[in-house]
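Visitor: So here's run.cif (mmCIF, C-alpha atoms).
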```cif
data_start
#
loop_
_atom_site.group_PDB
_atom_site.id
_atom_site.type_symbol
_atom_site.label_atom_id
_atom_site.label_comp_id
_atom_site.auth_asym_id
_atom_site.auth_seq_id
_atom_site.Cartn_x
_atom_site.Cartn_y
_atom_site.Cartn_z
ATOM 1 C CA MET A 1 -12.159 -22.141 -17.662
ATOM 2 C CA ASN A 2 -14.756 -19.516 -18.462
ATOM 3 C CA THR A 3 -14.260 -15.773 -18.617
ATOM 4 C CA THR A 4 -15.372 -15.201 -15.047
ATOM 5 C CA ASN A 5 -12.838 -17.666 -13.710
ATOM 6 C CA THR A 6 -10.099 -16.228 -15.866
ATOM 7 C CA SER A 7 -10.648 -12.686 -14.680
ATOM 8 C CA THR A 8 -11.059 -13.822 -11.075
ATOM 9 C CA ALA A 9 -7.765 -15.717 -11.206
ATOM 10 C CA LEU A 10 -6.093 -12.720 -12.804
ATOM 11 C CA PHE A 11 -7.359 -10.360 -10.173
ATOM 12 C CA VAL A 12 -6.280 -12.648 -7.343
ATOM 13 C CA ARG A 13 -2.858 -12.917 -8.929
ATOM 14 C CA MET A 14 -2.569 -9.120 -9.112
ATOM 15 C CA ILE A 15 -3.284 -8.696 -5.412
ATOM 16 C CA LEU A 16 -1.201 -11.605 -4.170
ATOM 17 C CA THR A 17 1.746 -10.454 -6.274
ATOM 18 C CA ALA A 18 1.540 -7.044 -4.607
ATOM 19 C CA TRP A 19 1.293 -8.688 -1.178
ATOM 20 C CA HIS A 20 4.327 -10.917 -1.720
ATOM 21 C CA LEU A 21 6.300 -7.985 -3.085
ATOM 22 C CA GLN A 22 5.870 -6.007 0.119
ATOM 23 C CA ASN A 23 6.974 -8.965 2.235
ATOM 24 C CA THR A 24 9.956 -9.522 -0.038
ATOM 25 C CA ARG A 25 10.940 -5.892 0.343
ATOM 26 C CA VAL A 26 10.893 -6.282 4.117
ATOM 27 C CA ASP A 27 13.078 -9.393 3.743
ATOM 28 C CA GLU A 28 15.505 -7.482 1.538
ATOM 29 C CA LEU A 29 15.669 -4.672 4.070
ATOM 30 C CA LEU A 30 16.344 -7.152 6.884
ATOM 31 C CA ASP A 31 19.249 -8.548 4.884
ATOM 32 C CA LYS A 32 20.793 -5.083 4.805
ATOM 33 C CA LEU A 33 20.269 -4.037 8.417
ATOM 34 C CA THR A 34 22.478 -4.919 11.343
ATOM 35 C CA ASP A 35 20.813 -5.878 14.633
ATOM 36 C CA GLU A 36 21.906 -2.513 15.999
ATOM 37 C CA GLN A 37 20.145 -0.690 13.169
ATOM 38 C CA LEU A 38 17.000 -2.760 13.634
ATOM 39 C CA MET A 39 16.896 -1.773 17.311
ATOM 40 C CA GLN A 40 16.989 1.936 16.435
ATOM 41 C CA GLU A 41 14.012 4.255 16.241
ATOM 42 C CA THR A 42 12.901 4.827 12.649
ATOM 43 C CA ALA A 43 12.795 8.560 13.475
ATOM 44 C CA PRO A 44 13.352 10.391 16.769
ATOM 45 C CA GLY A 45 10.718 9.307 19.303
ATOM 46 C CA ARG A 46 9.039 6.973 16.780
ATOM 47 C CA ASN A 47 8.695 3.198 16.617
ATOM 48 C CA THR A 48 11.844 1.104 16.509
ATOM 49 C CA GLY A 49 12.553 -1.176 13.587
ATOM 50 C CA ILE A 50 12.191 -4.275 15.731
ATOM 51 C CA TYR A 51 8.782 -3.130 17.001
ATOM 52 C CA LEU A 52 7.590 -2.548 13.441
ATOM 53 C CA LEU A 53 8.865 -5.968 12.405
ATOM 54 C CA GLY A 54 7.087 -7.620 15.347
ATOM 55 C CA HIS A 55 3.981 -5.570 14.517
ATOM 56 C CA SER A 56 4.111 -6.694 10.880
ATOM 57 C CA ALA A 57 4.549 -10.329 11.961
ATOM 58 C CA ALA A 58 1.589 -10.067 14.367
ATOM 59 C CA VAL A 59 -0.634 -8.513 11.692
ATOM 60 C CA ASN A 60 0.259 -11.229 9.178
ATOM 61 C CA ASP A 61 -0.245 -13.912 11.822
ATOM 62 C CA GLY A 62 -3.729 -12.506 12.388
ATOM 63 C CA LEU A 63 -4.596 -13.439 8.803
ATOM 64 C CA PHE A 64 -4.903 -17.143 9.666
ATOM 65 C CA LYS A 65 -7.962 -16.338 11.769
ATOM 66 C CA LEU A 66 -9.282 -13.380 9.794
ATOM 67 C CA LEU A 67 -9.265 -15.360 6.557
ATOM 68 C CA GLY A 68 -10.537 -18.492 8.312
ATOM 69 C CA LEU A 69 -7.499 -20.529 7.274
ATOM 70 C CA GLY A 70 -6.591 -22.090 10.575
ATOM 71 C CA GLU A 71 -4.889 -21.516 13.878
ATOM 72 C CA ARG A 72 -2.398 -18.732 14.360
ATOM 73 C CA LEU A 73 1.269 -19.571 14.785
ATOM 74 C CA HIS A 74 2.173 -16.785 17.219
ATOM 75 C CA PRO A 75 -0.842 -15.248 18.968
ATOM 76 C CA GLU A 76 1.469 -14.169 21.794
ATOM 77 C CA LEU A 77 2.791 -11.394 19.532
ATOM 78 C CA ASP A 78 -0.425 -9.389 19.792
ATOM 79 C CA GLU A 79 0.018 -8.273 23.372
ATOM 80 C CA ILE A 80 3.482 -6.899 22.666
ATOM 81 C CA PHE A 81 3.170 -5.603 19.114
ATOM 82 C CA LEU A 82 -0.499 -4.794 18.528
ATOM 83 C CA ASP A 83 -2.230 -4.130 21.848
ATOM 84 C CA ASN A 84 0.645 -2.114 23.277
ATOM 85 C CA PRO A 85 2.911 0.568 21.823
ATOM 86 C CA ASP A 86 6.663 0.348 21.476
ATOM 87 C CA LYS A 87 8.555 0.987 24.721
ATOM 88 C CA SER A 88 5.590 -0.330 26.730
ATOM 89 C CA GLY A 89 7.964 -2.200 29.003
ATOM 90 C CA LYS A 90 6.783 -5.541 27.584
ATOM 91 C CA VAL A 91 9.668 -7.937 27.068
ATOM 92 C CA PHE A 92 10.274 -8.500 23.370
ATOM 93 C CA PRO A 93 11.342 -11.852 21.946
ATOM 94 C CA SER A 94 14.928 -11.774 20.649
ATOM 95 C CA ILE A 95 15.635 -10.239 17.246
ATOM 96 C CA GLU A 96 16.461 -13.695 15.965
ATOM 97 C CA ALA A 97 13.129 -15.051 17.201
ATOM 98 C CA ILE A 98 11.096 -12.193 15.711
ATOM 99 C CA LYS A 99 12.795 -12.624 12.347
ATOM 100 C CA LYS A 100 12.094 -16.361 12.518
ATOM 101 C CA TYR A 101 8.403 -15.786 13.344
ATOM 102 C CA TRP A 102 8.079 -13.267 10.504
ATOM 103 C CA SER A 103 9.510 -15.796 8.075
ATOM 104 C CA GLU A 104 7.542 -18.800 9.428
ATOM 105 C CA ILE A 105 4.251 -16.929 9.330
ATOM 106 C CA ASN A 106 4.739 -15.749 5.750
ATOM 107 C CA THR A 107 5.824 -19.183 4.574
ATOM 108 C CA ALA A 108 2.789 -20.822 6.190
ATOM 109 C CA LEU A 109 0.461 -18.208 4.691
ATOM 110 C CA ALA A 110 1.959 -18.769 1.238
ATOM 111 C CA VAL A 111 1.202 -22.500 1.503
ATOM 112 C CA TYR A 112 -2.467 -21.760 2.256
ATOM 113 C CA PHE A 113 -2.648 -19.144 -0.490
ATOM 114 C CA ASN A 114 -1.134 -21.477 -3.086
ATOM 115 C CA ASN A 115 -3.810 -24.040 -2.322
ATOM 116 C CA MET A 116 -6.766 -21.646 -2.425
ATOM 117 C CA GLN A 117 -9.046 -21.542 -5.428
ATOM 118 C CA PRO A 118 -9.493 -18.017 -6.819
ATOM 119 C CA ASP A 119 -13.207 -17.962 -5.957
ATOM 120 C CA ALA A 120 -12.457 -18.645 -2.299
ATOM 121 C CA TRP A 121 -10.922 -15.184 -2.065
ATOM 122 C CA PHE A 122 -14.311 -13.634 -2.707
ATOM 123 C CA GLU A 123 -15.894 -15.285 0.293
ATOM 124 C CA LYS A 124 -16.420 -13.268 3.425
ATOM 125 C CA HIS A 125 -13.725 -12.938 6.051
ATOM 126 C CA THR A 126 -14.445 -13.846 9.667
ATOM 127 C CA ALA A 127 -14.799 -10.291 10.983
ATOM 128 C CA ILE A 128 -17.952 -9.459 8.996
ATOM 129 C CA SER A 129 -21.455 -10.867 9.549
ATOM 130 C CA GLU A 130 -23.355 -12.736 6.827
ATOM 131 C CA GLU A 131 -25.899 -9.930 6.856
ATOM 132 C CA ASP A 132 -23.362 -7.144 6.319
ATOM 133 C CA PHE A 133 -21.538 -9.182 3.690
ATOM 134 C CA LEU A 134 -24.702 -9.449 1.603
ATOM 135 C CA LYS A 135 -24.865 -5.675 1.539
ATOM 136 C CA GLU A 136 -21.111 -5.124 1.154
ATOM 137 C CA PRO A 137 -19.669 -7.970 -0.933
ATOM 138 C CA HIS A 138 -16.405 -6.135 -1.444
ATOM 139 C CA ARG A 139 -15.566 -6.879 2.193
ATOM 140 C CA ASN A 140 -14.181 -10.258 1.237
ATOM 141 C CA ARG A 141 -10.939 -12.067 2.003
ATOM 142 C CA LEU A 142 -9.154 -10.537 -0.953
ATOM 143 C CA ASN A 143 -10.037 -7.044 0.207
ATOM 144 C CA VAL A 144 -8.269 -7.825 3.469
ATOM 145 C CA MET A 145 -5.169 -8.569 1.434
ATOM 146 C CA ILE A 146 -5.399 -5.175 -0.280
ATOM 147 C CA THR A 147 -5.564 -3.296 3.008
ATOM 148 C CA ARG A 148 -2.795 -5.437 4.524
ATOM 149 C CA THR A 149 -0.557 -4.846 1.515
ATOM 150 C CA VAL A 150 -0.962 -1.090 1.876
ATOM 151 C CA HIS A 151 -0.396 -1.398 5.640
ATOM 152 C CA GLN A 152 2.884 -3.214 5.033
ATOM 153 C CA GLY A 153 3.943 -0.565 2.531
ATOM 154 C CA TYR A 154 3.147 2.118 5.119
ATOM 155 C CA HIS A 155 5.503 0.609 7.677
ATOM 156 C CA LEU A 156 8.122 -0.290 5.090
ATOM 157 C CA GLY A 157 8.386 3.401 4.236
ATOM 158 C CA GLN A 158 9.224 3.990 7.891
ATOM 159 C CA MET A 159 11.538 0.984 8.307
ATOM 160 C CA ASN A 160 13.583 2.092 5.303
ATOM 161 C CA TYR A 161 14.657 5.082 7.409
ATOM 162 C CA LEU A 162 16.809 2.647 9.378
ATOM 163 C CA LEU A 163 19.196 2.375 6.438
ATOM 164 C CA ASN A 164 22.280 4.530 6.462
ATOM 165 C CA LYS A 165 21.830 7.781 4.639
ATOM 166 C CA MET B 1 -25.432 -7.558 -15.947
ATOM 167 C CA ASN B 2 -23.866 -10.991 -16.079
ATOM 168 C CA THR B 3 -21.604 -12.588 -13.505
ATOM 169 C CA THR B 4 -18.413 -11.519 -15.233
ATOM 170 C CA ASN B 5 -19.438 -7.895 -15.223
ATOM 171 C CA THR B 6 -20.555 -8.083 -11.616
ATOM 172 C CA SER B 7 -17.272 -9.503 -10.388
ATOM 173 C CA THR B 8 -15.256 -7.135 -12.560
ATOM 174 C CA ALA B 9 -17.122 -4.172 -11.115
ATOM 175 C CA LEU B 10 -16.474 -5.539 -7.634
ATOM 176 C CA PHE B 11 -12.698 -5.850 -8.225
ATOM 177 C CA VAL B 12 -12.520 -2.334 -9.546
ATOM 178 C CA ARG B 13 -14.486 -1.018 -6.603
ATOM 179 C CA MET B 14 -12.149 -2.754 -4.142
ATOM 180 C CA ILE B 15 -9.042 -1.190 -5.662
ATOM 181 C CA LEU B 16 -10.451 2.277 -6.252
ATOM 182 C CA THR B 17 -11.772 2.386 -2.690
ATOM 183 C CA ALA B 18 -8.265 1.630 -1.414
ATOM 184 C CA TRP B 19 -6.800 4.271 -3.731
ATOM 185 C CA HIS B 20 -9.214 6.981 -2.643
ATOM 186 C CA LEU B 21 -8.648 6.086 1.002
ATOM 187 C CA GLN B 22 -4.920 6.749 0.739
ATOM 188 C CA ASN B 23 -5.515 10.115 -0.919
ATOM 189 C CA THR B 24 -8.080 11.000 1.720
ATOM 190 C CA ARG B 25 -5.597 10.152 4.459
ATOM 191 C CA VAL B 26 -3.085 12.522 2.884
ATOM 192 C CA ASP B 27 -5.796 15.209 2.788
ATOM 193 C CA GLU B 28 -6.600 14.599 6.448
ATOM 194 C CA LEU B 29 -2.925 14.870 7.337
ATOM 195 C CA LEU B 30 -2.616 18.135 5.412
ATOM 196 C CA ASP B 31 -5.528 19.531 7.404
ATOM 197 C CA LYS B 32 -3.595 18.863 10.605
ATOM 198 C CA LEU B 33 -0.172 20.143 9.585
ATOM 199 C CA THR B 34 1.001 23.724 9.681
ATOM 200 C CA ASP B 35 3.062 25.016 6.764
ATOM 201 C CA GLU B 36 6.082 24.944 9.072
ATOM 202 C CA GLN B 37 5.524 21.269 9.824
ATOM 203 C CA LEU B 38 5.083 20.440 6.147
ATOM 204 C CA MET B 39 8.438 22.072 5.375
ATOM 205 C CA GLN B 40 10.235 19.871 7.926
ATOM 206 C CA GLU B 41 12.150 16.699 7.188
ATOM 207 C CA THR B 42 10.091 13.587 7.943
ATOM 208 C CA ALA B 43 13.172 12.235 9.772
ATOM 209 C CA PRO B 44 16.687 13.662 10.126
ATOM 210 C CA GLY B 45 18.312 13.931 6.695
ATOM 211 C CA ARG B 46 15.244 12.469 4.955
ATOM 212 C CA ASN B 47 12.700 13.925 2.540
ATOM 213 C CA THR B 48 10.667 16.920 3.650
ATOM 214 C CA GLY B 49 6.896 16.756 3.837
ATOM 215 C CA ILE B 50 6.506 19.229 1.002
ATOM 216 C CA TYR B 51 8.807 17.214 -1.250
ATOM 217 C CA LEU B 52 6.797 14.060 -0.567
ATOM 218 C CA LEU B 53 3.563 15.919 -1.278
ATOM 219 C CA GLY B 54 4.965 17.252 -4.559
ATOM 220 C CA HIS B 55 6.251 13.767 -5.353
ATOM 221 C CA SER B 56 2.820 12.243 -4.665
ATOM 222 C CA ALA B 57 1.153 14.884 -6.838
ATOM 223 C CA ALA B 58 3.633 14.233 -9.687
ATOM 224 C CA VAL B 59 3.086 10.472 -9.482
ATOM 225 C CA ASN B 60 -0.692 10.874 -9.556
ATOM 226 C CA ASP B 61 -0.434 13.363 -12.415
ATOM 227 C CA GLY B 62 1.540 10.740 -14.331
ATOM 228 C CA LEU B 63 -1.543 8.515 -14.286
ATOM 229 C CA PHE B 64 -3.281 10.566 -16.977
ATOM 230 C CA LYS B 65 -0.669 9.417 -19.476
ATOM 231 C CA LEU B 66 0.068 5.996 -18.029
ATOM 232 C CA LEU B 67 -3.609 5.037 -18.057
ATOM 233 C CA GLY B 68 -4.148 6.716 -21.430
ATOM 234 C CA LEU B 69 -6.790 9.072 -20.046
ATOM 235 C CA GLY B 70 -5.557 12.348 -21.438
ATOM 236 C CA GLU B 71 -3.069 15.137 -20.998
ATOM 237 C CA ARG B 72 -1.340 15.726 -17.694
ATOM 238 C CA LEU B 73 -2.235 18.769 -15.649
ATOM 239 C CA HIS B 74 1.200 19.467 -14.195
ATOM 240 C CA PRO B 75 4.044 17.785 -16.105
ATOM 241 C CA GLU B 76 6.409 20.453 -14.750
ATOM 242 C CA LEU B 77 6.325 18.690 -11.367
ATOM 243 C CA ASP B 78 8.414 15.771 -12.645
ATOM 244 C CA GLU B 79 11.686 17.640 -12.903
ATOM 245 C CA ILE B 80 11.446 18.843 -9.317
ATOM 246 C CA PHE B 81 9.750 15.942 -7.547
ATOM 247 C CA LEU B 82 10.522 12.813 -9.565
ATOM 248 C CA ASP B 83 13.688 13.316 -11.581
ATOM 249 C CA ASN B 84 15.553 15.068 -8.786
ATOM 250 C CA PRO B 85 15.817 14.449 -5.052
ATOM 251 C CA ASP B 86 14.744 16.800 -2.309
ATOM 252 C CA LYS B 87 17.200 19.657 -1.689
ATOM 253 C CA SER B 88 18.344 19.518 -5.318
ATOM 254 C CA GLY B 89 18.356 23.276 -5.462
ATOM 255 C CA LYS B 90 15.328 23.251 -7.785
ATOM 256 C CA VAL B 91 12.859 25.996 -6.899
ATOM 257 C CA PHE B 92 9.672 24.477 -5.504
ATOM 258 C CA PRO B 93 6.234 25.930 -6.206
ATOM 259 C CA SER B 94 4.681 27.492 -3.082
ATOM 260 C CA ILE B 95 3.068 25.220 -0.488
ATOM 261 C CA GLU B 96 -0.300 26.655 -1.475
ATOM 262 C CA ALA B 97 0.335 25.834 -5.145
ATOM 263 C CA ILE B 98 1.486 22.267 -4.444
ATOM 264 C CA LYS B 99 -1.575 21.627 -2.291
ATOM 265 C CA LYS B 100 -3.767 23.022 -5.055
ATOM 266 C CA TYR B 101 -2.123 20.823 -7.702
ATOM 267 C CA TRP B 102 -2.493 17.740 -5.493
ATOM 268 C CA SER B 103 -6.181 18.447 -5.091
ATOM 269 C CA GLU B 104 -6.811 19.374 -8.753
ATOM 270 C CA ILE B 105 -5.046 16.272 -10.040
ATOM 271 C CA ASN B 106 -6.984 13.929 -7.755
ATOM 272 C CA THR B 107 -10.291 15.589 -8.576
ATOM 273 C CA ALA B 108 -9.642 15.318 -12.313
ATOM 274 C CA LEU B 109 -8.595 11.664 -11.974
ATOM 275 C CA ALA B 110 -11.776 10.892 -10.024
ATOM 276 C CA VAL B 111 -13.884 12.321 -12.852
ATOM 277 C CA TYR B 112 -12.179 10.018 -15.361
ATOM 278 C CA PHE B 113 -12.452 7.039 -13.015
ATOM 279 C CA ASN B 114 -16.154 7.619 -12.400
ATOM 280 C CA ASN B 115 -16.778 7.533 -16.133
ATOM 281 C CA MET B 116 -14.742 4.413 -16.845
ATOM 282 C CA GLN B 117 -16.443 1.097 -17.438
ATOM 283 C CA PRO B 118 -15.098 -1.699 -15.203
ATOM 284 C CA ASP B 119 -13.751 -3.685 -18.175
ATOM 285 C CA ALA B 120 -11.631 -0.720 -19.266
ATOM 286 C CA TRP B 121 -9.492 -1.219 -16.167
ATOM 287 C CA PHE B 122 -8.332 -4.573 -17.482
ATOM 288 C CA GLU B 123 -6.944 -3.082 -20.662
ATOM 289 C CA LYS B 124 -3.217 -2.498 -20.983
ATOM 290 C CA HIS B 125 -1.588 0.661 -19.731
ATOM 291 C CA THR B 126 0.580 2.754 -22.034
ATOM 292 C CA ALA B 127 3.961 1.622 -20.678
ATOM 293 C CA ILE B 128 3.623 -1.989 -21.831
ATOM 294 C CA SER B 129 3.722 -3.284 -25.412
ATOM 295 C CA GLU B 130 0.848 -5.255 -26.963
ATOM 296 C CA GLU B 131 3.180 -8.215 -27.198
ATOM 297 C CA ASP B 132 4.186 -8.198 -23.532
ATOM 298 C CA PHE B 133 0.604 -7.596 -22.469
ATOM 299 C CA LEU B 134 -0.523 -10.774 -24.230
ATOM 300 C CA LYS B 135 1.964 -12.695 -22.101
ATOM 301 C CA GLU B 136 1.369 -10.731 -18.905
ATOM 302 C CA PRO B 137 -2.293 -9.680 -18.784
ATOM 303 C CA HIS B 138 -2.042 -8.730 -15.127
ATOM 304 C CA ARG B 139 -0.047 -5.672 -16.211
ATOM 305 C CA ASN B 140 -3.232 -3.738 -16.822
ATOM 306 C CA ARG B 141 -4.481 -0.335 -15.748
ATOM 307 C CA LEU B 142 -5.964 -1.643 -12.528
ATOM 308 C CA ASN B 143 -2.646 -3.164 -11.552
ATOM 309 C CA VAL B 144 -1.102 0.287 -11.840
ATOM 310 C CA MET B 145 -3.649 1.470 -9.287
ATOM 311 C CA ILE B 146 -2.621 -1.293 -6.876
ATOM 312 C CA THR B 147 1.052 -0.337 -7.044
ATOM 313 C CA ARG B 148 0.243 3.367 -6.802
ATOM 314 C CA THR B 149 -1.976 2.805 -3.762
ATOM 315 C CA VAL B 150 0.837 0.967 -1.980
ATOM 316 C CA HIS B 151 3.283 3.696 -3.045
ATOM 317 C CA GLN B 152 1.055 6.350 -1.511
ATOM 318 C CA GLY B 153 0.765 4.318 1.695
ATOM 319 C CA TYR B 154 4.561 4.050 1.802
ATOM 320 C CA HIS B 155 5.026 7.809 1.758
ATOM 321 C CA LEU B 156 2.063 8.437 4.039
ATOM 322 C CA GLY B 157 3.820 6.354 6.693
ATOM 323 C CA GLN B 158 6.730 8.781 6.396
ATOM 324 C CA MET B 159 4.637 11.952 6.177
ATOM 325 C CA ASN B 160 2.786 11.015 9.356
ATOM 326 C CA TYR B 161 6.096 11.532 11.185
ATOM 327 C CA LEU B 162 5.559 15.254 10.643
ATOM 328 C CA LEU B 163 2.790 15.239 13.240
ATOM 329 C CA ASN B 164 3.651 16.253 16.764
ATOM 330 C CA LYS B 165 4.546 13.353 18.991
#
```
Before anything else, please render the file you have as structure tokens.

Guide:
Amino acid sequence: MNTTNTSTALFVRMILTAWHLQNTRVDELLDKLTDEQLMQETAPGRNTGIYLLGHSAAVNDGLFKLLGLGERLHPELDEIFLDNPDKSGKVFPSIEAIKKYWSEINTALAVYFNNMQPDAWFEKHTAISEEDFLKEPHRNRLNVMITRTVHQGYHLGQMNYLLNK
Amino acid sequence: MNTTNTSTALFVRMILTAWHLQNTRVDELLDKLTDEQLMQETAPGRNTGIYLLGHSAAVNDGLFKLLGLGERLHPELDEIFLDNPDKSGKVFPSIEAIKKYWSEINTALAVYFNNMQPDAWFEKHTAISEEDFLKEPHRNRLNVMITRTVHQGYHLGQMNYLLNK
């Protein structure tokens, strides 16, 4: 393995470690929360825990397409948790189902990620044109993982407000 | 510039772009909030906006030492915003002062970052031993920036609750 490959693998490992850590922290929070707590608003008038969990699951599910890995597991989540706000009147899946989707999606993503070569992360994602990618090579698959990791952290900060003070 | 340098520069750019974006989002939020809003709790019984801003400033100020860049600008923030919780009874600097520190610290960090060579980001930070770093080379300066970017996103998710619904 030459120096380029070594540093590429290292960099990929840094980002994926951060990504998995955020998901693990959500899992740990879910272990602590009752269903009643998860149904609560994270702050008065703000998103409920269950909406933010469904939203997080939908965003992660979107990675299958955005990274060009394969078909999504739960595209039906988008209408409820991405295209519409909380309390839209849309019928949510059960808490049990949303937790299951969250877990299934992350497990399936991890299988893809474990099989990807480090260089594949520096290829373009599916939401950027070849032309733009030539000009902006940082808009690669791995960059998506950086923004998604921060996004998960953002909502985790809110979901942690569901815990008893 | 060889391939290694090119990809290293690209990694660094990806992370620093994410870092600056989080700071910019805090700045944009501060532009929207009144002093009264910033003094409020982000949710009932939770940290106030001003505490989280002081906390963010203290964490960023800690980077001067952690990355081995130089002396901190405001080490006095730690006692109030890192070592003690909100409502500890510690006297806070004024809102104006905390905003100024936040801005000064980020500006000074950006100057250092702009002058750093990409490879320097893959050197060890000051909180890890040479021995551990040999075994865990991902625990470098750039990795600190990943965790700090996610940390800022985490608190930004909470601080955004200060905005009017």

Visitor: For CA of His155 in chain B and CA of Ser56 in chain B, quote the distance in Å rounded to one decimal.

Guide: 8.1 Å

Visitor: Interatomic distance between CA of Leu82 in chain B and CA of His151 in chain B?

Guide: 13.3 Å

Visitor: Return the neighbours of chain A among the residues of chain B, cut-off 8 Å, counting only C-alpha atoms, as number ranges by chain.

Guide: B: 3-4, 7-8, 10-11, 13-15, 18, 42-46, 137-138, 143, 146-147, 149-151, 153-158, 161, 165

Visitor: Of the candidates B:Leu69, B:Met39, B:Leu52, B:Val59, which shows the shortest atom-to-atom distance to Met116 in chain B, using all atoms listed in the file?

Guide: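 Closest residue, counting all atoms listed in the file: B:Leu69.
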
Visitor: Report, in Å with one decimal, the straight-line distance from CA of Asn115 in chain B to CA of Asp27 in chain B.

Guide: 23.2 Å

Visitor: Taking all atoms listed in the file into account, which of B:Glu36, B:Glu130, B:Glu28, B:Glu76 comes nearest Tyr101 in chain B?

Guide: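 Among the listed residues, B:Glu76 lies closest to Tyr101 in chain B.
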
Visitor: For this structure, which residues satisfy the selection - the PyMOL selection byres ((chain B and resi 106) around 9) - when it is evaluated on the file as given? I want them as a PyMOL selection string.

Guide: chain B and resi 20+23+57+60-61+101-105+107-111

Visitor: Taking the file as shown, find all residues satisfying the PyMOL selection byres ((chain A and resi 94) around 12) and write them as a list in words.

Guide: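 Applied to this file, the PyMOL selection byres ((chain A and resi 94) around 12) returns Asp35, Leu38, Met39, Ile50, Tyr51, Leu53, Gly54, Val91, Phe92, Pro93, Ile95, Glu96, Ala97, Ile98, Lys99, Lys100 and Tyr101 of chain A.
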
Visitor: Quick one: residues within 12 Å of Glu71 in chain B, only C-alpha atoms counted, chain neighbours fewer than 3 positions away excluded, as a PyMOL selection string?

Guide: chain B and resi 61-68+74-75+105+108-109+112

Visitor: Take range 11-16 of chain A from the preceding structure and save all heavy atoms as a PDB file, in the first residue's frame.

Guide:
```pdb
ATOM      1  N   PHE A  11      -8.124   8.636   6.407  1.00  0.00           N
ATOM      2  CA  PHE A  11      -9.108   9.710   6.377  1.00  0.00           C
ATOM      3  C   PHE A  11     -10.529   9.146   6.361  1.00  0.00           C
ATOM      4  O   PHE A  11     -11.409   9.612   7.085  1.00  0.00           O
ATOM      5  CB  PHE A  11      -8.855  10.591   5.158  1.00  0.00           C
ATOM      6  CG  PHE A  11      -9.659  11.837   5.164  1.00  0.00           C
ATOM      7  CD1 PHE A  11      -9.418  12.829   6.111  1.00  0.00           C
ATOM      8  CD2 PHE A  11     -10.666  12.030   4.239  1.00  0.00           C
ATOM      9  CE1 PHE A  11     -10.174  13.988   6.131  1.00  0.00           C
ATOM     10  CE2 PHE A  11     -11.429  13.186   4.263  1.00  0.00           C
ATOM     11  CZ  PHE A  11     -11.179  14.158   5.202  1.00  0.00           C
ATOM     12  N   VAL A  12     -10.731   8.120   5.556  1.00  0.00           N
ATOM     13  CA  VAL A  12     -12.046   7.471   5.501  1.00  0.00           C
ATOM     14  C   VAL A  12     -12.403   6.921   6.876  1.00  0.00           C
ATOM     15  O   VAL A  12     -13.523   7.088   7.355  1.00  0.00           O
ATOM     16  CB  VAL A  12     -12.063   6.358   4.429  1.00  0.00           C
ATOM     17  CG1 VAL A  12     -13.340   5.524   4.528  1.00  0.00           C
ATOM     18  CG2 VAL A  12     -11.925   6.962   3.033  1.00  0.00           C
ATOM     19  N   ARG A  13     -11.433   6.315   7.524  1.00  0.00           N
ATOM     20  CA  ARG A  13     -11.677   5.758   8.851  1.00  0.00           C
ATOM     21  C   ARG A  13     -12.079   6.851   9.850  1.00  0.00           C
ATOM     22  O   ARG A  13     -12.957   6.659  10.688  1.00  0.00           O
ATOM     23  CB  ARG A  13     -10.399   5.046   9.327  1.00  0.00           C
ATOM     24  CG  ARG A  13     -10.533   4.409  10.687  1.00  0.00           C
ATOM     25  CD  ARG A  13      -9.272   3.630  11.051  1.00  0.00           C
ATOM     26  NE  ARG A  13      -9.214   3.388  12.475  1.00  0.00           N
ATOM     27  CZ  ARG A  13      -8.105   3.161  13.152  1.00  0.00           C
ATOM     28  NH1 ARG A  13      -6.940   3.122  12.528  1.00  0.00           N
ATOM     29  NH2 ARG A  13      -8.133   2.954  14.442  1.00  0.00           N
ATOM     30  N   MET A  14     -11.423   8.006   9.758  1.00  0.00           N
ATOM     31  CA  MET A  14     -11.748   9.117  10.654  1.00  0.00           C
ATOM     32  C   MET A  14     -13.211   9.536  10.508  1.00  0.00           C
ATOM     33  O   MET A  14     -13.930   9.730  11.488  1.00  0.00           O
ATOM     34  CB  MET A  14     -10.819  10.308  10.372  1.00  0.00           C
ATOM     35  CG  MET A  14      -9.385  10.098  10.861  1.00  0.00           C
ATOM     36  SD  MET A  14      -8.169  11.191  10.020  1.00  0.00           S
ATOM     37  CE  MET A  14      -8.774  12.820  10.465  1.00  0.00           C
ATOM     38  N   ILE A  15     -13.643   9.666   9.268  1.00  0.00           N
ATOM     39  CA  ILE A  15     -15.014  10.141   9.020  1.00  0.00           C
ATOM     40  C   ILE A  15     -16.039   9.070   9.394  1.00  0.00           C
ATOM     41  O   ILE A  15     -17.050   9.357  10.038  1.00  0.00           O
ATOM     42  CB  ILE A  15     -15.206  10.520   7.532  1.00  0.00           C
ATOM     43  CG1 ILE A  15     -14.200  11.582   7.099  1.00  0.00           C
ATOM     44  CG2 ILE A  15     -16.637  10.996   7.279  1.00  0.00           C
ATOM     45  CD1 ILE A  15     -14.345  12.901   7.757  1.00  0.00           C
ATOM     46  N   LEU A  16     -15.777   7.843   8.987  1.00  0.00           N
ATOM     47  CA  LEU A  16     -16.764   6.792   9.272  1.00  0.00           C
ATOM     48  C   LEU A  16     -16.870   6.509  10.771  1.00  0.00           C
ATOM     49  O   LEU A  16     -17.948   6.188  11.273  1.00  0.00           O
ATOM     50  CB  LEU A  16     -16.448   5.513   8.488  1.00  0.00           C
ATOM     51  CG  LEU A  16     -16.610   5.626   6.970  1.00  0.00           C
ATOM     52  CD1 LEU A  16     -16.419   4.257   6.320  1.00  0.00           C
ATOM     53  CD2 LEU A  16     -17.972   6.203   6.575  1.00  0.00           C
TER      54      LEU A  16
END
```
